[in-house]
file query.cif (mmCIF, C-alpha atoms)
data_structure
#
loop_
_atom_site.label_atom_id
_atom_site.label_comp_id
_atom_site.auth_asym_id
_atom_site.auth_seq_id
_atom_site.Cartn_x
_atom_site.Cartn_y
_atom_site.Cartn_z
CA MET A 1 0.00 0.00 0.00
CA LYS A 2 2.90 2.35 0.68
CA PHE A 3 3.70 2.96 -2.93
CA ILE A 4 0.08 3.95 -3.59
CA PHE A 5 0.29 6.77 -1.06
CA ILE A 6 3.68 7.84 -2.37
CA PHE A 7 2.31 7.88 -5.90
CA ILE A 8 -0.70 9.98 -4.86
CA ALA A 9 1.59 12.39 -3.02
CA LEU A 10 3.89 12.80 -6.01
CA THR A 11 0.98 13.26 -8.38
CA SER A 12 -0.59 15.86 -6.10
CA LEU A 13 2.69 17.76 -6.06
CA ASN A 14 2.64 17.75 -9.81
CA PHE A 15 -0.79 19.36 -9.90
CA VAL A 16 0.30 21.97 -7.39
CA TYR A 17 3.29 22.73 -9.61
CA ALA A 18 1.10 23.02 -12.71
CA ASP A 19 -1.22 25.37 -10.81
CA LYS A 20 1.73 27.47 -9.69
CA ASN A 21 2.88 27.81 -13.28
CA THR A 22 -0.54 28.95 -14.39
CA HIS A 23 -0.59 31.61 -11.68
CA SER A 24 2.86 32.81 -12.61
CA HIS A 25 1.69 33.40 -16.17
CA LYS A 26 -1.31 35.26 -14.84
CA ASP A 27 0.80 37.48 -12.63
CA HIS A 28 3.19 38.23 -15.43
CA GLU A 29 0.70 39.29 -18.06
CA HIS A 30 -1.03 42.51 -17.12
CA SER A 31 -3.47 42.41 -19.98
CA GLU A 32 -4.39 38.76 -19.69
CA ARG A 33 -7.76 39.30 -18.09
CA ALA A 34 -8.97 41.48 -20.90
CA GLU A 35 -7.50 39.32 -23.65
CA ARG A 36 -7.82 35.89 -21.99
CA LEU A 37 -4.26 35.31 -23.08
CA SER A 38 -2.95 31.78 -22.73
CA VAL A 39 0.73 32.59 -22.80
CA GLY A 40 3.13 35.45 -23.67
CA SER A 41 2.28 39.15 -23.99
CA ILE A 42 0.51 41.54 -26.31
CA ASP A 43 2.22 44.25 -28.34
CA PRO A 44 -0.48 46.92 -28.74
CA ASP A 45 1.04 47.94 -32.08
CA GLY A 46 1.33 44.37 -33.35
CA LEU A 47 -1.07 42.29 -35.38
CA ARG A 48 -3.59 39.87 -34.00
CA ILE A 49 -4.15 36.95 -36.31
CA ASN A 50 -7.32 34.96 -35.71
CA VAL A 51 -7.29 31.35 -36.82
CA ASP A 52 -10.30 29.05 -36.91
CA VAL A 53 -8.91 25.57 -36.21
CA PHE A 54 -10.48 22.11 -36.51
CA GLY A 55 -9.59 19.41 -33.98
CA LEU A 56 -8.90 21.54 -30.90
CA VAL A 57 -10.64 19.51 -28.21
CA CYS A 58 -8.35 19.35 -25.20
CA ASP A 59 -5.57 21.05 -23.29
CA PHE A 60 -2.92 18.85 -24.92
CA CYS A 61 -4.04 20.25 -28.31
CA ALA A 62 -3.85 23.80 -27.01
CA GLN A 63 -0.47 23.13 -25.47
CA ALA A 64 0.81 21.92 -28.85
CA ILE A 65 -0.32 25.11 -30.58
CA GLU A 66 1.24 27.28 -27.87
CA LYS A 67 4.60 25.52 -28.01
CA ILE A 68 4.85 25.74 -31.78
CA PHE A 69 3.98 29.41 -32.16
CA MET A 70 5.85 30.66 -29.10
CA LYS A 71 9.07 29.37 -30.67
CA ARG A 72 8.76 31.98 -33.41
CA ASN A 73 10.42 35.39 -33.14
CA GLU A 74 7.48 37.27 -34.67
CA VAL A 75 5.08 36.01 -32.00
CA THR A 76 4.61 37.72 -28.62
CA GLY A 77 1.62 35.78 -27.34
CA ILE A 78 -1.05 33.17 -28.01
CA GLU A 79 -4.64 32.88 -26.94
CA VAL A 80 -6.35 29.51 -27.32
CA ASP A 81 -10.14 29.45 -27.17
CA LEU A 82 -11.02 25.76 -26.86
CA ALA A 83 -14.75 26.43 -26.59
CA ASN A 84 -14.92 27.93 -30.07
CA GLY A 85 -11.91 26.29 -31.69
CA PHE A 86 -10.10 29.57 -32.25
CA ILE A 87 -6.53 30.66 -31.69
CA THR A 88 -5.29 34.24 -31.73
CA ILE A 89 -1.65 34.89 -32.55
CA PHE A 90 -0.24 38.21 -31.29
CA THR A 91 2.78 39.48 -33.25
CA LYS A 92 5.42 42.14 -32.71
CA ARG A 93 4.95 45.56 -34.29
CA GLY A 94 5.58 45.40 -38.03
CA GLU A 95 5.72 41.60 -38.07
CA ASP A 96 3.35 39.18 -39.79
CA ILE A 97 3.21 35.48 -40.54
CA GLU A 98 2.05 34.35 -43.96
CA ASP A 99 -1.15 32.34 -44.14
CA ASN A 100 0.60 29.42 -45.79
CA LEU A 101 3.13 29.25 -42.99
CA ILE A 102 0.39 29.37 -40.34
CA LYS A 103 -1.47 26.57 -42.12
CA SER A 104 1.69 24.55 -42.42
CA LEU A 105 2.62 24.93 -38.73
CA ILE A 106 -0.87 23.99 -37.55
CA THR A 107 -1.17 21.07 -39.98
CA ASP A 108 2.24 19.76 -38.93
CA ALA A 109 1.06 19.91 -35.32
CA GLY A 110 -1.84 17.62 -36.27
CA TYR A 111 -4.76 20.05 -36.73
CA ASN A 112 -6.55 21.71 -39.63
CA VAL A 113 -7.10 25.38 -40.45
CA ASN A 114 -10.52 26.47 -41.55
CA ARG A 115 -10.07 30.26 -41.82
CA ILE A 116 -7.55 33.00 -41.07
CA SER A 117 -8.32 36.67 -40.48
CA ARG A 118 -6.36 39.69 -39.18
CA LYS A 119 -7.06 42.78 -37.07
CA MET B 1 13.26 -5.47 -1.47
CA TYR B 2 14.07 -5.82 -5.15
CA LYS B 3 10.44 -6.67 -5.98
CA LEU B 4 9.14 -3.76 -3.93
CA LEU B 5 11.61 -1.43 -5.59
CA THR B 6 10.63 -2.65 -9.06
CA VAL B 7 6.91 -2.16 -8.35
CA PHE B 8 7.57 1.22 -6.78
CA ILE B 9 9.66 2.49 -9.70
CA VAL B 10 7.19 1.27 -12.27
CA CYS B 11 4.21 2.72 -10.39
CA VAL B 12 5.68 6.05 -9.52
CA LEU B 13 7.47 6.68 -12.72
CA SER B 14 4.92 5.02 -14.65
CA SER B 15 1.09 4.31 -17.81
CA ASP B 16 -0.02 3.21 -21.19
CA VAL B 17 -2.94 5.39 -20.87
CA PHE B 18 -5.75 6.22 -23.14
CA SER B 19 -4.01 9.40 -23.82
CA ARG B 20 -2.57 10.07 -27.19
CA PRO B 21 0.51 7.99 -27.94
CA VAL B 22 1.89 10.68 -30.27
CA SER B 23 2.59 14.22 -29.13
CA TYR B 24 3.28 17.45 -31.02
CA PRO B 25 6.56 17.88 -32.95
CA ASP B 26 9.53 17.87 -30.59
CA GLY B 27 7.32 16.90 -27.66
CA TRP B 28 8.07 14.38 -24.93
CA THR B 29 5.48 12.35 -23.05
CA PHE B 30 5.77 10.35 -19.89
CA MET B 31 3.02 7.76 -19.29
CA SER B 32 2.38 5.38 -16.48
CA MET B 33 -0.31 2.72 -16.18
CA ASN B 34 -1.11 0.56 -13.21
CA ASP B 35 -4.17 -1.63 -13.67
CA GLY B 36 -5.48 -5.06 -12.68
CA PHE B 37 -2.82 -6.91 -14.65
CA LYS B 38 0.36 -4.92 -14.81
CA ASN B 39 2.35 -1.81 -14.05
CA SER B 40 3.93 -0.07 -16.99
CA ILE B 41 5.95 2.92 -17.97
CA HIS B 42 6.20 4.50 -21.40
CA ILE B 43 8.40 7.46 -22.26
CA HIS B 44 8.31 8.66 -25.84
CA TYR B 45 9.56 11.42 -28.07
CA SER B 46 7.63 12.70 -31.09
CA PRO B 47 9.83 14.02 -33.92
CA SER B 48 6.57 14.90 -35.69
CA ALA B 49 2.84 14.70 -35.01
CA LYS B 50 2.77 11.49 -37.09
CA TYR B 51 4.84 9.20 -34.91
CA SER B 52 6.68 8.76 -31.67
CA VAL B 53 9.39 6.43 -30.45
CA GLY B 54 10.29 5.51 -26.92
CA TYR B 55 10.88 3.02 -24.15
CA LYS B 56 8.15 0.75 -22.80
CA GLY B 57 8.64 -1.22 -19.60
CA GLU B 58 6.06 -3.53 -18.03
CA TYR B 59 5.80 -5.63 -14.91
CA TRP B 60 3.13 -8.36 -15.10
CA ARG B 61 2.00 -9.22 -11.63
CA GLU B 62 0.58 -12.69 -12.27
CA ASP B 63 3.72 -14.35 -13.62
CA LYS B 64 6.10 -11.72 -12.23
CA SER B 65 7.64 -11.16 -15.63
CA GLN B 66 9.11 -7.97 -17.01
CA THR B 67 9.17 -6.71 -20.56
CA HIS B 68 11.46 -3.97 -21.82
CA ALA B 69 10.98 -2.74 -25.35
CA VAL B 70 11.43 0.02 -27.86
CA GLN B 71 7.96 1.10 -28.90
CA LEU B 72 6.96 2.89 -32.08
CA ASN B 73 3.58 4.66 -32.26
CA ASN B 74 2.25 5.72 -35.64
CA LEU B 75 -0.68 8.03 -36.19
CA LEU B 76 -2.29 6.33 -39.19
CA LYS B 77 -5.18 8.76 -39.55
CA ARG B 78 -6.67 11.74 -37.77
CA TRP B 79 -10.08 13.20 -38.36
CA ASN B 80 -10.32 16.82 -37.21
CA LYS B 81 -13.77 18.38 -36.98
CA LYS B 82 -14.87 21.71 -35.53
CA HIS B 83 -15.81 20.21 -32.16
CA SER B 84 -14.32 16.74 -32.25
CA GLN B 85 -11.24 14.74 -33.06
CA ALA B 86 -10.77 11.05 -33.90
CA ASN B 87 -7.55 9.10 -34.27
CA LEU B 88 -6.30 5.74 -35.44
CA TYR B 89 -2.90 4.55 -34.24
CA LEU B 90 -0.65 1.58 -34.79
CA LYS B 91 1.50 0.71 -31.78
CA SER B 92 4.32 -1.79 -32.12
CA GLY B 93 7.35 -2.82 -30.11
CA LEU B 94 10.41 -5.02 -29.99
CA GLY B 95 12.37 -5.97 -26.90
CA PHE B 96 12.92 -8.72 -24.39
CA VAL B 97 10.95 -10.42 -21.66
CA TYR B 98 12.35 -11.79 -18.42
CA SER B 99 10.88 -13.93 -15.70
CA GLY B 100 12.42 -15.74 -12.75
CA TYR B 101 9.10 -17.09 -11.54
CA GLN B 102 8.41 -20.81 -10.94
CA SER B 103 8.79 -22.89 -14.12
CA PHE B 104 10.21 -20.00 -16.12
CA ASN B 105 13.49 -20.42 -14.27
CA SER B 106 15.00 -17.02 -15.03
CA ASP B 107 14.14 -17.24 -18.70
CA ILE B 108 14.88 -14.33 -20.94
CA GLY B 109 13.90 -14.01 -24.57
CA PRO B 110 12.85 -11.65 -27.33
CA VAL B 111 9.33 -10.27 -27.44
CA VAL B 112 7.33 -8.47 -30.11
CA PHE B 113 3.97 -6.79 -29.83
CA ALA B 114 1.59 -4.81 -32.00
CA GLY B 115 -1.86 -3.34 -31.71
CA ILE B 116 -4.36 -0.80 -32.91
CA ALA B 117 -5.68 2.10 -30.86
CA THR B 118 -8.50 4.41 -31.79
CA ASP B 119 -10.35 7.21 -30.03
CA TRP B 120 -13.00 9.86 -30.60
CA GLU B 121 -13.55 12.80 -28.34
CA THR B 122 -15.32 16.08 -27.97
CA ARG B 123 -15.01 18.36 -24.97
CA LYS B 124 -17.93 16.48 -23.41
CA TYR B 125 -17.69 12.86 -24.59
CA PHE B 126 -14.90 10.32 -25.02
CA VAL B 127 -14.79 6.85 -26.58
CA SER B 128 -11.73 4.69 -27.17
CA TYR B 129 -10.66 1.17 -28.02
CA GLU B 130 -7.29 -0.50 -28.20
CA ASN B 131 -5.88 -3.98 -28.54
CA ARG B 132 -2.48 -5.59 -28.43
CA PHE B 133 -1.04 -8.96 -29.34
CA MET B 134 2.21 -9.88 -27.63
CA LYS B 135 4.37 -12.82 -28.68
CA SER B 136 7.45 -14.34 -27.15
CA LYS B 137 8.92 -17.81 -27.72
CA LYS B 138 9.34 -18.79 -24.07
CA ILE B 139 7.21 -16.72 -21.78
CA LYS B 140 4.53 -14.45 -23.10
CA ASN B 141 1.85 -14.90 -25.68
CA ASN B 142 -1.21 -12.87 -24.95
CA PHE B 143 -3.94 -10.78 -26.47
CA ARG B 144 -5.72 -7.99 -24.67
CA GLN B 145 -8.25 -5.43 -25.70
CA LYS B 146 -9.98 -2.66 -23.86
CA GLY B 147 -12.54 0.01 -24.45
CA ARG B 148 -13.52 3.13 -22.64
CA VAL B 149 -16.36 5.63 -22.55
CA GLY B 150 -16.27 8.93 -20.72
CA ILE B 151 -18.26 12.05 -20.01
CA ALA B 152 -17.15 15.41 -18.65
CA PRO B 153 -19.60 16.64 -15.96
CA TYR B 154 -18.61 20.23 -16.78
CA ILE B 155 -16.65 21.93 -19.56
CA ALA B 156 -13.47 23.58 -18.34
CA ASN B 157 -11.45 26.15 -20.22
CA PHE B 158 -7.83 25.82 -21.25
CA GLY B 159 -5.58 25.70 -18.19
CA GLU B 160 -8.39 24.89 -15.76
CA LEU B 161 -8.96 21.57 -14.06
CA HIS B 162 -10.78 19.17 -16.39
CA THR B 163 -12.70 16.28 -14.86
CA TRP B 164 -13.91 13.15 -16.64
CA LEU B 165 -15.96 10.24 -15.38
CA MET B 166 -15.08 7.08 -17.29
CA LEU B 167 -15.79 3.39 -17.54
CA GLU B 168 -13.15 0.99 -18.82
CA ILE B 169 -13.76 -2.62 -19.86
CA ASP B 170 -10.69 -4.79 -20.24
CA HIS B 171 -10.83 -8.16 -21.99
CA ALA B 172 -8.05 -10.71 -21.57
CA PRO B 173 -9.22 -14.00 -23.20
CA LYS B 174 -6.61 -16.15 -21.45
CA GLU B 175 -7.60 -15.05 -17.96
CA VAL B 176 -10.02 -17.02 -15.77
CA ASN B 177 -12.12 -13.91 -15.36
CA GLU B 178 -11.86 -12.54 -18.88
CA PHE B 179 -13.49 -9.19 -18.26
CA THR B 180 -12.45 -6.47 -15.87
CA VAL B 181 -14.62 -3.41 -15.41
CA THR B 182 -13.13 -0.24 -13.97
CA PRO B 183 -15.06 2.94 -13.22
CA LEU B 184 -12.57 5.76 -12.92
CA ILE B 185 -12.08 9.48 -12.65
CA ARG B 186 -9.69 11.46 -14.84
CA LEU B 187 -8.27 14.79 -13.69
CA PHE B 188 -6.48 16.84 -16.30
CA LYS B 189 -4.74 20.16 -15.80
CA GLY B 190 -2.09 21.77 -17.97
CA PRO B 191 0.51 19.19 -18.96
CA SER B 192 -0.57 16.67 -16.30
CA LEU B 193 -3.23 13.98 -16.46
CA PHE B 194 -4.10 11.69 -13.56
CA GLU B 195 -6.58 8.83 -13.43
CA THR B 196 -7.69 6.60 -10.60
CA GLY B 197 -10.31 3.87 -10.36
CA TYR B 198 -11.23 0.66 -8.62
CA ASN B 199 -11.91 -2.41 -10.73
CA SER B 200 -14.20 -5.43 -10.47
CA LYS B 201 -11.30 -7.54 -9.19
CA GLY B 202 -10.80 -5.20 -6.27
CA ILE B 203 -7.63 -3.59 -7.60
CA PHE B 204 -6.94 0.12 -7.82
CA LEU B 205 -6.01 1.72 -11.12
CA PHE B 206 -3.56 4.62 -11.31
CA ASN B 207 -2.55 6.30 -14.50
CA PHE B 208 -0.43 9.35 -14.95
CA VAL B 209 0.67 11.31 -18.02
CA TYR B 210 2.94 14.29 -18.24
CA ARG B 211 3.60 16.02 -21.55
CA PHE B 212 6.45 18.43 -22.10
#
call {"tool": "encode", "arguments": {"input": "query.cif", "output": "structure tokens"}}
result
Amino acid sequence: MKFIFIFIALTSLNFVYADKNTHSHKDHEHSERAERLSVGSIDPDGLRINVDVFGLVCDFCAQAIEKIFMKRNEVTGIEVDLANGFITIFTKRGEDIEDNLIKSLITDAGYNVNRISRK
Amino acid sequence: MYKLLTVFIVCVLSSDVFSRPVSYPDGWTFMSMNDGFKNSIHIHYSPSAKYSVGYKGEYWREDKSQTHAVQLNNLLKRWNKKHSQANLYLKSGLGFVYSGYQSFNSDIGPVVFAGIATDWETRKYFVSYENRFMKSKKIKNNFRQKGRVGIAPYIANFGELHTWLMLEIDHAPKEVNEFTVTPLIRLFKGPSLFETGYNSKGIFLFNFVYRF
């Protein structure tokens, strides 16, 4: 029985750690509440690219999208809206990402793009 | 002490879960499964969203045997819809099996296994099925299949705690009691997924997945 309790304890710690990480993002991003930002920051002079994505059904999917776009220099932040299957990519001022590249990155991650629009 | 240590390592570090066996490009996944039959650990790396490769270790409680293998998971097909996703995977492995129990007399030999896994999920419902055939000259020849249905009592947003209530049915034709039924709860937050249940044989189930 001992290992069961040890396992539960370790798993609980993991959830606490994940929760801590979430809070640290929240503390760091001043505009998160307004933008419901998942990760990163928003450049007010940058673009926001809205992408309608098929196949976004769980946090692992959202995590995949975040990881892939946050590796790019043009990107400052990502918002993932699981309820509506939308992602919003926030770019630096004067930077853009071509539609074909966005489609390619999302397809390579295992999802499909339905529509892309910009603000 | 050695047995306890083996079980501990496999349980704590360990799953073979009904979570996707392929991650996003350049992603790592750690899985642990501890059910009515065995404890297992699976660590894999996904060079692309089409396949992953990794180590799979299992400890079978009944015959006290261990398998250690390199496992390859291939995403054969994915169906992405606006509010759902379905997948078909091929999982295969090659390694060795060892047992020092009773008549096996510290036998060691090669083992191969292969199986199909499929799932369909929305943010509210989940259905999955998987099977596996394992073959080894001296020790292990078995076939297992299992299915699962699940429902989320509430819909959580990204980053929040997701909760699923699930029912798993495991079929092992060579067992005396072929069917094992396990009601379980899945908790899912950020990169961590945890499942626990209690099956019809009176054994607890613990699964854990961490994706990074």
call {"tool": "resolve_selection", "arguments": {"input": "query.cif", "expression": "the PyMOL selection byres ((chain A and resi 104-116) around 6)", "output": "PyMOL selection string"}}
result
(chain A and resi 50-55+101-103+117) or (chain B and resi 24+49)
call {"tool": "closest_residue", "arguments": {"input": "query.cif", "among": "B:Gln71, B:Ser200, B:Ser32, B:Gln66", "to": "chain A", "atoms": "only C-alpha atoms"}}
result
B:Ser32
call {"tool": "interface_residues", "arguments": {"input": "query.cif", "of": "chain B", "to": "chain A", "cutoff": "10 Å", "atoms": "all atoms listed in the file", "output": "PyMOL selection string"}}
result
chain B and resi 4-5+7-9+11-14+19-20+22-27+48-50+75+78-86+121-124+155-162+187-194+196+204-212
call {"tool": "residues_around", "arguments": {"input": "query.cif", "residues": "Lys92 of chain A", "least_positions_apart": "4", "cutoff": "8 Å", "atoms": "all atoms listed in the file", "output": "mmCIF file with C-alpha atoms, keeping the file's coordinate frame"}}
result
data_model
loop_
_atom_site.group_PDB
_atom_site.id
_atom_site.type_symbol
_atom_site.label_atom_id
_atom_site.label_comp_id
_atom_site.auth_asym_id
_atom_site.auth_seq_id
_atom_site.Cartn_x
_atom_site.Cartn_y
_atom_site.Cartn_z
ATOM 1 C CA ASP A 43 2.220 44.250 -28.340
ATOM 2 C CA ASP A 45 1.040 47.940 -32.080
ATOM 3 C CA GLY A 46 1.330 44.370 -33.350
ATOM 4 C CA LEU A 47 -1.070 42.290 -35.380
ATOM 5 C CA GLU A 74 7.480 37.270 -34.670
ATOM 6 C CA VAL A 75 5.080 36.010 -32.000
ATOM 7 C CA THR A 76 4.610 37.720 -28.620
ATOM 8 C CA ASP A 96 3.350 39.180 -39.790
#
call {"tool": "resolve_selection", "arguments": {"input": "query.cif", "expression": "the PyMOL selection byres ((chain B and resi 173-181) around 9)", "output": "PyMOL selection string"}}
result
chain B and resi 36+142-145+167-172+182-183+198-201
call {"tool": "atom_distance", "arguments": {"input": "query.cif", "atom1": "atom CA of Gly147 of chain B", "atom2": "atom CA of Tyr51 of chain B"}}
result
22.3 Å
call {"tool": "resolve_selection", "arguments": {"input": "query.cif", "expression": "the PyMOL selection byres ((chain B and resi 94-96) around 12)", "output": "JSON, numbers by chain"}}
result
{"B": [53, 54, 55, 56, 57, 58, 65, 66, 67, 68, 69, 70, 71, 72, 91, 92, 93, 97, 98, 99, 107, 108, 109, 110, 111, 112, 113, 114, 134, 135, 136, 137, 138, 139, 140]}
call {"tool": "atom_distance", "arguments": {"input": "query.cif", "atom1": "atom CA of Arg61 of chain B", "atom2": "atom CA of Asn39 of chain B"}}
result
7.8 Å
call {"tool": "closest_residue", "arguments": {"input": "query.cif", "among": "B:Trp120, B:Tyr59, B:Phe126, B:Phe30", "to": "Met166 of chain B", "atoms": "only C-alpha atoms"}}
result
B:Phe126
call {"tool": "axis_aligned_box", "arguments": {"input": "query.cif", "around": "segment 75-86 of chain A", "padding_each_side": "6 Å", "output": "AutoDock Vina command-line options"}}
result
--center_x -4.9 --center_y 31.7 --center_z -29.4 --size_x 32.0 --size_y 24.0 --size_z 17.7
call {"tool": "atom_distance", "arguments": {"input": "query.cif", "atom1": "atom CA of Leu88 of chain B", "atom2": "atom CA of Lys38 of chain B"}}
result
24.2 Å
call {"tool": "closest_residue", "arguments": {"input": "query.cif", "among": "A:Glu98, A:Glu66, A:Gly40, A:Ile89", "to": "Lys119 of chain A", "atoms": "all atoms listed in the file"}}
result
A:Ile89
call {"tool": "decode", "arguments": {"input": "query.cif", "residues": "segment 51-72 of chain B", "atoms": "N, CA and C atoms", "output": "short mmCIF file (atom, residue, chain, number, x, y, z; two decimals), in the first residue's frame"}}
result
data_model
loop_
_atom_site.label_atom_id
_atom_site.label_comp_id
_atom_site.auth_asym_id
_atom_site.auth_seq_id
_atom_site.Cartn_x
_atom_site.Cartn_y
_atom_site.Cartn_z
N TYR B 51 4.34 10.38 -35.60
CA TYR B 51 4.84 9.20 -34.91
C TYR B 51 5.66 9.57 -33.68
N SER B 52 5.82 8.57 -32.83
CA SER B 52 6.68 8.76 -31.67
C SER B 52 7.46 7.47 -31.43
N VAL B 53 8.58 7.60 -30.77
CA VAL B 53 9.39 6.43 -30.45
C VAL B 53 9.85 6.55 -29.01
N GLY B 54 9.90 5.42 -28.32
CA GLY B 54 10.29 5.51 -26.92
C GLY B 54 10.48 4.16 -26.26
N TYR B 55 10.67 4.22 -24.95
CA TYR B 55 10.88 3.02 -24.15
C TYR B 55 9.58 2.60 -23.49
N LYS B 56 9.32 1.28 -23.49
CA LYS B 56 8.15 0.75 -22.80
C LYS B 56 8.60 -0.36 -21.85
N GLY B 57 8.31 -0.19 -20.58
CA GLY B 57 8.64 -1.22 -19.60
C GLY B 57 7.38 -1.68 -18.89
N GLU B 58 7.26 -2.99 -18.67
CA GLU B 58 6.06 -3.53 -18.03
C GLU B 58 6.44 -4.57 -16.98
N TYR B 59 5.67 -4.58 -15.92
CA TYR B 59 5.80 -5.63 -14.91
C TYR B 59 4.44 -6.30 -14.77
N TRP B 60 4.39 -7.59 -15.15
CA TRP B 60 3.13 -8.36 -15.10
C TRP B 60 3.07 -9.06 -13.76
N ARG B 61 2.05 -8.73 -13.00
CA ARG B 61 2.00 -9.22 -11.63
C ARG B 61 1.77 -10.73 -11.52
N GLU B 62 0.95 -11.29 -12.41
CA GLU B 62 0.58 -12.69 -12.27
C GLU B 62 1.79 -13.62 -12.40
N ASP B 63 2.57 -13.45 -13.45
CA ASP B 63 3.72 -14.35 -13.62
C ASP B 63 5.04 -13.67 -13.26
N LYS B 64 4.92 -12.48 -12.69
CA LYS B 64 6.10 -11.72 -12.23
C LYS B 64 7.15 -11.56 -13.32
N SER B 65 6.69 -11.35 -14.52
CA SER B 65 7.64 -11.16 -15.63
C SER B 65 7.77 -9.68 -15.95
N GLN B 66 8.86 -9.36 -16.61
CA GLN B 66 9.11 -7.97 -17.01
C GLN B 66 9.33 -7.93 -18.52
N THR B 67 8.82 -6.93 -19.16
CA THR B 67 9.17 -6.71 -20.56
C THR B 67 9.80 -5.32 -20.69
N HIS B 68 10.79 -5.24 -21.53
CA HIS B 68 11.46 -3.97 -21.82
C HIS B 68 11.57 -3.86 -23.33
N ALA B 69 11.04 -2.80 -23.89
CA ALA B 69 10.98 -2.74 -25.35
C ALA B 69 11.11 -1.32 -25.87
N VAL B 70 11.50 -1.25 -27.13
CA VAL B 70 11.43 0.02 -27.86
C VAL B 70 10.07 0.01 -28.55
N GLN B 71 9.30 1.06 -28.31
CA GLN B 71 7.96 1.10 -28.90
C GLN B 71 7.85 2.23 -29.91
N LEU B 72 7.21 1.90 -31.03
CA LEU B 72 6.96 2.89 -32.08
C LEU B 72 5.45 3.09 -32.20
#
